[in-house]
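Below: the structure, in structure tokens.
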Amino acid sequence: MNPTRKRRLTIVLLIVAAAAVAVGLIVFALQQNMNYLFTPSQVQTGQANGYKTFRLGGMVKAGSIQRSNDSLKVTFTVVDASGSMPVEYNGILPDLFRDNQSVIATGHMDNARFMATEVLAKHDETYMPKELKDAMAKAHEGKHVNEEAGQDKPQ
Amino acid sequence: MTPELGQLALILALLLAFAQGVLPLIGAWRGNRALMAIARPAAAGQAVFVTLAFVLLVLAFLSFDFSVQYVADNSNLALPWYYRIAAVWGAHEGSLLLWIFILNLWTLALATLSRNLPEVFVARVLGVLGLVAVGFLAFIIFTSNPFARLLPMPPDGGDLNPVLQDPGMTFHPPVLYMGYVGFSVAFAFSIAALLGGELEQAWVRWARPWTNVAWGFLSAGIVAGSWWAYAELGWGGWWFWDPVENASFMPWLVGAALIHAQAVTEKRGGLRAWTILLSIFAFSLSLLGTFLVRSGVLTSVHAFASDPRRGLFILCFLAVVVGGSLLLYAMRAPKVAGGKPFSVVSRETAILIGNLMLTVAAAMVLLGTLFPLLGDALNLGKISVGPPYFGFLFTLLMIPVVLLLPFGPYLRWGKSDVPVLKKVLWRAGLAAVACAIVAALATGGEAKAIAGTAAAVWCGFGTLLYVLKRWREMPAGRRYPAEMAGMLLAHFGVGVFLAGVLLTNALSVERDVRVAPSQTESIGGYQFRFDGVQHTRGPNWEGDQGTITVLRNGSEVAVMHPQKRTYSRGQVQTESAINPGLFRDLYVALGEPMDPKQPEGAWALRLYDKPFVRWIWAGGLLMMLGGFFAAADRRFRTKRIAETEAVPAAALQESRA
């Protein structure tokens, strides 16, 4: 092999090795950080079993928000058309968090409670995240998503 | 009447853009000078009509013309005039108008400043820009007309989303778009070079200042967006790896790779095909960014209501641009490996490694951002990719870049001497280790703080060493040509940025607390005394304003007034209070009253002490300055003139005027 070829071969091999390492790392990191979204009824039918951390999406049940007297602990219930799930969260809730608002909480199950580490409500009060709408539609195929909940931006 | 004029102006602009896009390209192909000469007047005419449309929309906002749907949706009688102007780009239709307006600014600048480039080449560049304008103007006219009427006219309008009612938001989108759209110029240069089968690399030298300026604007835009998220979203974070942020970050990464690759192509003739490919990618990613933000296909903290049908249009446009330019690339890319040879230890190698890392990082971000779509399409369920994915891989990929950075200026093209580099390694390395030890002692062995200090000193001190070397060795006046000053500024900025990111991450104290009036909480050596909440009102909102007195060792440091506003349409918005400093920010945001019926009672508060957070943005701004400085280099101007000496003297004078 002449020097030019040898150099090119080294470069190609190096690139292939680097690409392999990069792909491996990316797959590993993706697996570690994929968060699935489930609605309360999907959680109750056991679809979330086997996922330690996942996202729970649904509507805040009217009148379910309860603050603790001496700390920032707050509990509320997230519902979809056929399921409900009590959620516990320690911290400050987002501005648009209120009754009948669509929320996505990230966290894990502890007994029958969802312990949230992060709660997101959307900036735009008529807006419902597309993936949450899809998930809720999928959770009860055939049934219509709760009118109030499923309302997307009209235009 | 005036809104219809706006629409008419847009249609005329579309026709002119069509003329600008097609005729000069045919002229360049056929060698017809008359057709080529159409490019400039058509571009100027298009700019006039787009500007007219833009001004008419601004006027509609200023005069409360609620018979225009877009104005009625995004402003109301109580909105102050400066936010009514910002409302022009507060939603979809107007931000597209801003996009096309800025594209026209770039085109106009190019048409004016390119008088000493070969006529055929300019005709092609302006033609490609014209075609891009056709795409966007058609998009505005057919799917998202900002001048659509709303009849009967409502007495009052809706509201601009409160998170956008912030000074940061008034200039973040224009600056960001200056960057996004600026890459269209680099793109047009590359396509023009491909079309012309340009074997010389002179075009790269002409493209370089434009790319640098666009990248500088993009840096500024991202900094402004990050600052806005920090101050306005009320969470005190500065980067969330959110799809919309990623959308602006990907073109930035590819752009950073591009400006370095262009340097290699211009000076050594190497990486020609790669440079062209990168400029296609940078512009495609800018388009993808527009698509991601505007289509609503991804769930994001920034996701505002949007229309998927429009997404389809952008997607098709994207397919045509990416597909078309890649096809052209496949057919015309320089086949012969050009460029002067280089050894392993050379500036080319270092830039190549940096390029590889930056593009892989962009690909990694792209994968993570689009993975939810992919998972959806493959029926894997509703997936989101968490920030740790991005954080982990990005850090890993940037380590080689950071390690190579101080050597950059010392490395020579072709082949470099090793002893000089060893000296740099020793000096910068020693300084980094020494400062890391100091940091370890000062912070009690906080790993990220140590890493941050070491990385920052490594980059910053390494760059300063070169500044000193030039100062000693070169005669006054020739020490720092603008291009080199730009590089040094940007590289120093990387050091400042690293210090900001890692020190903030390691040393921040963030606590959510529940406090009753006159209760005190201690955070990071500061005492925050909650002095209660009063009712307050602004032009279009009412709200609660808290008073927090910050004390340190008994003496008062600051009195802060965070607010919780309720806008006239019922949207609630947190306004955090920030006490800025060079070495630390104190950050207070109101959470919610513990008992909604008693706002004068106890509240939930976010109290943050964020050391060095400002260094993050300072680093970004230094990189921006780097881009601008490099573009201002006289070499880019004088060489151009020198190369076109054949051009009659009259043309030269004109270009200088």
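Simple scheme: letters A, B, ... for chains in structure tokens order, numbers from 1 for residues in each chain, numbers from 1 for ligands in the order shown.
The chain B residues that come within 6 Å of chain A are Thr299, Ala305, Lys382, Ile383, Ser384, Val385, Gly386, Tyr389, Val572 and Gly591 of chain B, with only C-alpha atoms taken into account.
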**Request:** Could you give me the residues within stretch 1-133 of chain A that DSSP places in strand (DSSP E or B), as a PyMOL selection string?
**Result:** chain A and resi 34-38+54-60+66-67+73-79+84-90+102-110+113-121
For those residues, write C-alpha atoms to a file as a PDB file, in the first residue's frame.
ATOM      1  CA  MET A  34     -37.317   8.080  26.626  1.00  0.00           C
ATOM      2  CA  ASN A  35     -40.405   9.092  28.491  1.00  0.00           C
ATOM      3  CA  TYR A  36     -43.703   7.590  27.475  1.00  0.00           C
ATOM      4  CA  LEU A  37     -46.977   9.410  27.884  1.00  0.00           C
ATOM      5  CA  PHE A  38     -49.945   7.614  29.408  1.00  0.00           C
ATOM      6  CA  PHE A  54     -43.213   8.185  32.627  1.00  0.00           C
ATOM      7  CA  ARG A  55     -45.462  11.124  31.873  1.00  0.00           C
ATOM      8  CA  LEU A  56     -49.047  11.249  32.944  1.00  0.00           C
ATOM      9  CA  GLY A  57     -51.378  13.356  30.845  1.00  0.00           C
ATOM     10  CA  GLY A  58     -54.976  14.358  31.363  1.00  0.00           C
ATOM     11  CA  MET A  59     -57.263  16.968  32.829  1.00  0.00           C
ATOM     12  CA  VAL A  60     -57.204  18.317  36.363  1.00  0.00           C
ATOM     13  CA  GLN A  66     -55.644  20.407  47.768  1.00  0.00           C
ATOM     14  CA  ARG A  67     -52.788  22.299  49.370  1.00  0.00           C
ATOM     15  CA  LYS A  73     -47.137  19.743  49.033  1.00  0.00           C
ATOM     16  CA  VAL A  74     -50.148  19.709  46.742  1.00  0.00           C
ATOM     17  CA  THR A  75     -52.388  16.865  45.658  1.00  0.00           C
ATOM     18  CA  PHE A  76     -54.804  16.775  42.758  1.00  0.00           C
ATOM     19  CA  THR A  77     -56.488  14.222  40.553  1.00  0.00           C
ATOM     20  CA  VAL A  78     -55.818  13.821  36.855  1.00  0.00           C
ATOM     21  CA  VAL A  79     -58.669  12.308  34.883  1.00  0.00           C
ATOM     22  CA  SER A  84     -58.517   8.921  37.332  1.00  0.00           C
ATOM     23  CA  MET A  85     -55.209   9.076  39.119  1.00  0.00           C
ATOM     24  CA  PRO A  86     -54.238  10.912  42.313  1.00  0.00           C
ATOM     25  CA  VAL A  87     -51.069  12.954  41.904  1.00  0.00           C
ATOM     26  CA  GLU A  88     -48.780  14.331  44.562  1.00  0.00           C
ATOM     27  CA  TYR A  89     -46.383  17.152  43.857  1.00  0.00           C
ATOM     28  CA  ASN A  90     -44.055  19.208  45.976  1.00  0.00           C
ATOM     29  CA  SER A 102     -54.849  19.835  30.509  1.00  0.00           C
ATOM     30  CA  VAL A 103     -51.584  18.981  32.210  1.00  0.00           C
ATOM     31  CA  ILE A 104     -48.636  16.690  31.694  1.00  0.00           C
ATOM     32  CA  ALA A 105     -46.833  15.504  34.822  1.00  0.00           C
ATOM     33  CA  THR A 106     -43.528  13.652  34.826  1.00  0.00           C
ATOM     34  CA  GLY A 107     -42.826  11.246  37.657  1.00  0.00           C
ATOM     35  CA  HIS A 108     -43.258   7.699  38.935  1.00  0.00           C
ATOM     36  CA  MET A 109     -45.832   5.535  40.684  1.00  0.00           C
ATOM     37  CA  ASP A 110     -45.694   5.021  44.422  1.00  0.00           C
ATOM     38  CA  ARG A 113     -50.234   7.470  43.684  1.00  0.00           C
ATOM     39  CA  PHE A 114     -48.321   9.292  40.998  1.00  0.00           C
ATOM     40  CA  MET A 115     -45.423  11.212  42.507  1.00  0.00           C
ATOM     41  CA  ALA A 116     -44.748  14.084  40.109  1.00  0.00           C
ATOM     42  CA  THR A 117     -41.367  15.754  39.827  1.00  0.00           C
ATOM     43  CA  GLU A 118     -42.483  18.212  37.165  1.00  0.00           C
ATOM     44  CA  VAL A 119     -45.891  19.535  36.166  1.00  0.00           C
ATOM     45  CA  LEU A 120     -46.472  21.343  32.875  1.00  0.00           C
ATOM     46  CA  ALA A 121     -49.535  23.231  31.789  1.00  0.00           C
TER      47      ALA A 121
END
**Prompt:** In Å, how far is it from atom CA of A:Asn49 to atom CA of B:Leu373?
**Reply:** 23.2 Å
Find the spatial neighbours of B:Leu16, counting only C-alpha atoms, within a cut-off of 8 Å - ignore same-chain residues fewer than 5 positions away - and output them as a PDB file with C-alpha atoms, in the first residue's frame.
ATOM      1  CA  ALA B  42     -36.539  42.901  -9.365  1.00  0.00           C
ATOM      2  CA  ALA B  43     -34.989  42.411  -5.941  1.00  0.00           C
ATOM      3  CA  GLY B  45     -38.938  46.145  -6.333  1.00  0.00           C
ATOM      4  CA  GLN B  46     -39.765  43.108  -4.260  1.00  0.00           C
TER       5      GLN B  46
END
**Message:** So that I can see what lies close to B:Thr549, please list as a VMD selection string the residues with an atom at most 12 Å from it, counting only C-alpha atoms and leaving out residues fewer than 6 positions away in the same chain.
**Reply:** chain B and resid 517 to 522 526 to 532 555 to 562 577 579 586 to 588 607
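Summary of the local environment: counting only C-alpha atoms, residues at most 10 Å from stretch 417-424 of chain B, other than itself and those fewer than 2 positions away along its chain, are Val345, Ser346, Pro406, Phe407, Gly408, Tyr410, Leu411, Arg412, Lys415, Trp426, Arg427, Ala428, Gly429, Leu430, Trp458, Phe461, Gly462, Thr463, Leu465 and Tyr466 of chain B.
Distances here use only C-alpha atoms; by that measure, the residue among A:Thr4, A:Thr10, A:Asp99, A:Asn111 closest to A:Gly63 is A:Asp99.
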**Request:** Apply DSSP to the backbone of this structure and, from stretch 15-196 of chain B, keep only the residues in alpha helix (DSSP H); write these as a VMD selection string.
**Result:** chain B and resid 15 to 30 33 to 36 39 to 62 69 to 74 81 to 86 92 to 113 119 to 143 167 to 196
Take the selection from the previous step and output its residues with C-alpha atoms, as a compact mmCIF listing (two decimals), in the first residue's frame.
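File written: again.txt
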# COMPACT_ATOMS: atom_id res chain seq x y z
CA LEU B 15 -44.64 38.31 -9.04
CA LEU B 16 -41.40 40.25 -8.75
CA ALA B 17 -39.84 37.44 -6.72
CA PHE B 18 -40.82 35.09 -9.49
CA ALA B 19 -39.14 37.33 -12.02
CA GLN B 20 -36.10 37.62 -9.76
CA GLY B 21 -35.96 33.86 -9.30
CA VAL B 22 -36.41 32.67 -12.85
CA LEU B 23 -35.19 35.21 -15.38
CA PRO B 24 -31.63 35.82 -14.07
CA LEU B 25 -31.08 32.07 -13.77
CA ILE B 26 -32.12 31.59 -17.38
CA GLY B 27 -29.95 34.56 -18.30
CA ALA B 28 -26.95 33.06 -16.51
CA TRP B 29 -27.55 29.75 -18.23
CA ARG B 30 -27.96 31.23 -21.71
CA ARG B 33 -26.95 39.82 -20.06
CA ALA B 34 -30.30 41.54 -20.34
CA LEU B 35 -32.01 38.79 -18.39
CA MET B 36 -29.23 38.74 -15.80
CA ALA B 39 -32.00 40.47 -10.84
CA ARG B 40 -31.20 43.74 -9.08
CA PRO B 41 -34.22 45.83 -10.06
CA ALA B 42 -36.54 42.90 -9.37
CA ALA B 43 -34.99 42.41 -5.94
CA ALA B 44 -35.32 46.12 -5.19
CA GLY B 45 -38.94 46.14 -6.33
CA GLN B 46 -39.76 43.11 -4.26
CA ALA B 47 -38.17 44.74 -1.23
CA VAL B 48 -40.25 47.88 -1.73
CA PHE B 49 -43.52 45.95 -1.83
CA VAL B 50 -42.67 43.64 1.06
CA THR B 51 -41.64 46.64 3.14
CA LEU B 52 -44.91 48.32 2.20
CA ALA B 53 -46.88 45.26 3.36
CA PHE B 54 -44.91 45.11 6.59
CA VAL B 55 -45.41 48.80 7.32
CA LEU B 56 -49.13 48.50 6.57
CA LEU B 57 -49.44 45.66 9.09
CA VAL B 58 -47.59 47.74 11.70
CA LEU B 59 -49.93 50.64 10.98
CA ALA B 60 -52.96 48.36 11.30
CA PHE B 61 -51.74 47.38 14.77
CA LEU B 62 -50.98 50.98 15.75
CA GLN B 69 -58.35 39.16 11.82
CA TYR B 70 -54.68 39.01 12.78
CA VAL B 71 -54.78 42.38 14.54
CA ALA B 72 -57.97 41.45 16.37
CA ASP B 73 -56.47 38.16 17.53
CA ASN B 74 -53.25 39.58 18.84
CA TRP B 81 -47.94 50.77 21.56
CA TYR B 82 -44.52 49.08 21.83
CA TYR B 83 -46.14 45.70 22.41
CA ARG B 84 -48.52 46.38 19.55
CA ILE B 85 -45.49 46.68 17.28
CA ALA B 86 -44.01 43.52 18.77
CA HIS B 92 -47.78 32.88 12.87
CA GLU B 93 -48.83 35.13 9.98
CA GLY B 94 -46.87 38.15 11.09
CA SER B 95 -43.74 36.22 11.92
CA LEU B 96 -43.73 34.86 8.38
CA LEU B 97 -44.09 38.38 7.08
CA LEU B 98 -41.11 39.28 9.26
CA TRP B 99 -39.22 36.31 7.77
CA ILE B 100 -39.78 37.47 4.21
CA PHE B 101 -39.09 41.10 5.17
CA ILE B 102 -35.74 40.10 6.59
CA LEU B 103 -34.99 37.95 3.55
CA ASN B 104 -35.53 41.09 1.48
CA LEU B 105 -33.18 43.06 3.70
CA TRP B 106 -30.48 40.45 3.14
CA THR B 107 -31.16 40.32 -0.60
CA LEU B 108 -31.03 44.09 -0.84
CA ALA B 109 -27.77 44.23 1.10
CA LEU B 110 -26.34 41.58 -1.18
CA ALA B 111 -27.53 43.36 -4.32
CA THR B 112 -25.92 46.59 -3.14
CA LEU B 113 -22.63 45.19 -1.88
CA GLU B 119 -22.19 39.45 -13.09
CA VAL B 120 -23.14 35.84 -13.86
CA PHE B 121 -22.46 34.79 -10.31
CA VAL B 122 -24.50 37.60 -8.77
CA ALA B 123 -27.37 36.82 -11.13
CA ARG B 124 -27.37 33.22 -9.91
CA VAL B 125 -27.16 34.16 -6.23
CA LEU B 126 -29.98 36.67 -6.47
CA GLY B 127 -31.97 34.18 -8.55
CA VAL B 128 -31.74 31.51 -5.85
CA LEU B 129 -32.74 34.05 -3.19
CA GLY B 130 -35.66 35.01 -5.42
CA LEU B 131 -36.81 31.39 -5.54
CA VAL B 132 -36.66 31.15 -1.75
CA ALA B 133 -38.74 34.32 -1.57
CA VAL B 134 -41.28 32.82 -3.99
CA GLY B 135 -41.74 29.88 -1.63
CA PHE B 136 -42.33 32.03 1.40
CA LEU B 137 -44.50 34.64 -0.31
CA ALA B 138 -46.69 31.90 -1.77
CA PHE B 139 -46.92 30.37 1.70
CA ILE B 140 -48.06 33.69 3.17
CA ILE B 141 -50.55 34.50 0.41
CA PHE B 142 -52.10 31.05 0.09
CA THR B 143 -52.11 29.71 3.65
CA PRO B 167 -38.92 43.63 26.24
CA GLY B 168 -36.82 40.55 25.44
CA MET B 169 -39.53 39.32 23.12
CA THR B 170 -39.63 42.51 21.11
CA PHE B 171 -36.21 41.93 19.66
CA HIS B 172 -35.65 38.19 20.04
CA PRO B 173 -37.59 37.08 16.92
CA PRO B 174 -36.16 39.72 14.56
CA VAL B 175 -32.59 38.99 15.61
CA LEU B 176 -33.11 35.25 15.46
CA TYR B 177 -34.66 35.53 12.02
CA MET B 178 -31.74 37.68 10.88
CA GLY B 179 -29.63 34.64 11.64
CA TYR B 180 -31.98 32.02 10.21
CA VAL B 181 -32.57 33.93 7.02
CA GLY B 182 -28.94 34.97 6.75
CA PHE B 183 -27.99 31.38 6.09
CA SER B 184 -30.06 31.63 2.92
CA VAL B 185 -27.29 33.85 1.54
CA ALA B 186 -24.62 31.25 2.23
CA PHE B 187 -26.98 28.71 0.70
CA ALA B 188 -27.52 30.84 -2.39
CA PHE B 189 -23.77 31.26 -2.85
CA SER B 190 -23.28 27.50 -2.71
CA ILE B 191 -26.09 26.76 -5.11
CA ALA B 192 -24.81 29.44 -7.46
CA ALA B 193 -21.36 27.86 -7.32
CA LEU B 194 -22.86 24.44 -8.07
CA LEU B 195 -24.94 25.80 -10.93
CA GLY B 196 -21.96 27.53 -12.46
**Item:** d(atom CA of B:Met623, atom CA of B:Gly493) in Å
**Value:** 5.4 Å
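One finds atom CA of B:Val264 at 10.4 Å from atom CA of B:Gly414.
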**Asked** Could you name the residues that touch stretch 203-216 of chain B at 9 Å or less, counting only C-alpha atoms, but leaving out those on the same chain fewer than 4 positions away, as a ChimeraX atom specification?
**Response** /B:110,114,117,121,178-183,185-186,189-190,193,198,220-221,251-252,255-256,258-259,262-263,265-267,272,275,279,621,623-633,636-637,639-640
Using C-alpha atoms, can you export the residues from the last selection as a PDB file, in the first residue's frame?
ATOM      1  CA  LEU B 110     -26.340  41.577  -1.176  1.00  0.00           C
ATOM      2  CA  SER B 114     -21.963  42.751  -4.698  1.00  0.00           C
ATOM      3  CA  LEU B 117     -18.517  40.317  -8.171  1.00  0.00           C
ATOM      4  CA  PHE B 121     -22.457  34.787 -10.306  1.00  0.00           C
ATOM      5  CA  MET B 178     -31.742  37.683  10.877  1.00  0.00           C
ATOM      6  CA  GLY B 179     -29.633  34.637  11.644  1.00  0.00           C
ATOM      7  CA  TYR B 180     -31.980  32.015  10.214  1.00  0.00           C
ATOM      8  CA  VAL B 181     -32.572  33.925   7.020  1.00  0.00           C
ATOM      9  CA  GLY B 182     -28.945  34.968   6.755  1.00  0.00           C
ATOM     10  CA  PHE B 183     -27.991  31.377   6.086  1.00  0.00           C
ATOM     11  CA  VAL B 185     -27.292  33.853   1.540  1.00  0.00           C
ATOM     12  CA  ALA B 186     -24.616  31.246   2.230  1.00  0.00           C
ATOM     13  CA  PHE B 189     -23.765  31.255  -2.847  1.00  0.00           C
ATOM     14  CA  SER B 190     -23.275  27.500  -2.707  1.00  0.00           C
ATOM     15  CA  ALA B 193     -21.358  27.857  -7.322  1.00  0.00           C
ATOM     16  CA  GLU B 198     -17.316  26.983 -10.252  1.00  0.00           C
ATOM     17  CA  ALA B 220     -27.463  36.952  19.461  1.00  0.00           C
ATOM     18  CA  GLY B 221     -30.950  35.617  18.781  1.00  0.00           C
ATOM     19  CA  PRO B 251     -28.485  25.710  12.457  1.00  0.00           C
ATOM     20  CA  TRP B 252     -26.153  27.403  14.932  1.00  0.00           C
ATOM     21  CA  GLY B 255     -23.235  27.290  11.055  1.00  0.00           C
ATOM     22  CA  ALA B 256     -20.286  27.148  13.453  1.00  0.00           C
ATOM     23  CA  LEU B 258     -19.606  26.038   8.244  1.00  0.00           C
ATOM     24  CA  ILE B 259     -17.673  29.180   9.089  1.00  0.00           C
ATOM     25  CA  GLN B 262     -15.243  27.974   4.716  1.00  0.00           C
ATOM     26  CA  ALA B 263     -11.935  29.169   6.132  1.00  0.00           C
ATOM     27  CA  THR B 265     -11.837  26.073   1.596  1.00  0.00           C
ATOM     28  CA  GLU B 266     -10.901  29.677   1.058  1.00  0.00           C
ATOM     29  CA  LYS B 267      -7.330  29.467   2.267  1.00  0.00           C
ATOM     30  CA  ARG B 272     -14.910  22.230  -1.040  1.00  0.00           C
ATOM     31  CA  THR B 275     -18.502  23.406   2.649  1.00  0.00           C
ATOM     32  CA  SER B 279     -24.348  25.477   3.768  1.00  0.00           C
ATOM     33  CA  LEU B 621     -22.420  37.724  22.958  1.00  0.00           C
ATOM     34  CA  MET B 623     -19.195  34.712  20.028  1.00  0.00           C
ATOM     35  CA  MET B 624     -21.606  37.033  18.252  1.00  0.00           C
ATOM     36  CA  LEU B 625     -18.983  39.810  18.247  1.00  0.00           C
ATOM     37  CA  GLY B 626     -16.505  37.283  16.920  1.00  0.00           C
ATOM     38  CA  GLY B 627     -18.754  36.627  13.942  1.00  0.00           C
ATOM     39  CA  PHE B 628     -19.221  40.339  13.232  1.00  0.00           C
ATOM     40  CA  PHE B 629     -15.536  41.184  13.634  1.00  0.00           C
ATOM     41  CA  ALA B 630     -14.422  38.404  11.337  1.00  0.00           C
ATOM     42  CA  ALA B 631     -16.859  39.563   8.678  1.00  0.00           C
ATOM     43  CA  ALA B 632     -15.454  43.086   8.828  1.00  0.00           C
ATOM     44  CA  ASP B 633     -11.978  42.001   7.771  1.00  0.00           C
ATOM     45  CA  PHE B 636     -12.691  40.316   2.191  1.00  0.00           C
ATOM     46  CA  ARG B 637     -13.095  43.717   0.577  1.00  0.00           C
ATOM     47  CA  LYS B 639      -9.227  41.104  -2.483  1.00  0.00           C
ATOM     48  CA  ARG B 640     -12.534  41.399  -4.208  1.00  0.00           C
TER      49      ARG B 640
END
**Message:** So that I can see what lies close to B:Gln573, please list as a list in words the residues with an atom at most 9 Å from it, counting only C-alpha atoms and leaving out residues fewer than 4 positions away in the same chain.
**Reply:** Asp95 and Leu96 of chain A; Pro162, Val163, Glu232, Leu233, Gly234, Gln563, Lys564, Arg565, Thr566 and Tyr567 of chain B
Just write the chosen residues, C-alpha atoms, as a short mmCIF file (atom, residue, chain, number, x, y, z; two decimals), in the first residue's frame.
data_model
loop_
_atom_site.label_atom_id
_atom_site.label_comp_id
_atom_site.auth_asym_id
_atom_site.auth_seq_id
_atom_site.Cartn_x
_atom_site.Cartn_y
_atom_site.Cartn_z
CA ASP A 95 -49.38 29.70 35.96
CA LEU A 96 -52.07 28.03 33.91
CA PRO B 162 -48.67 37.54 27.95
CA VAL B 163 -45.40 35.62 27.83
CA GLU B 232 -40.07 35.44 31.66
CA LEU B 233 -40.99 31.79 31.98
CA GLY B 234 -40.46 32.12 35.71
CA GLN B 563 -45.41 40.03 40.28
CA LYS B 564 -48.21 37.69 39.49
CA ARG B 565 -50.25 39.33 36.73
CA THR B 566 -53.68 38.55 35.45
CA TYR B 567 -54.16 40.01 31.99
#
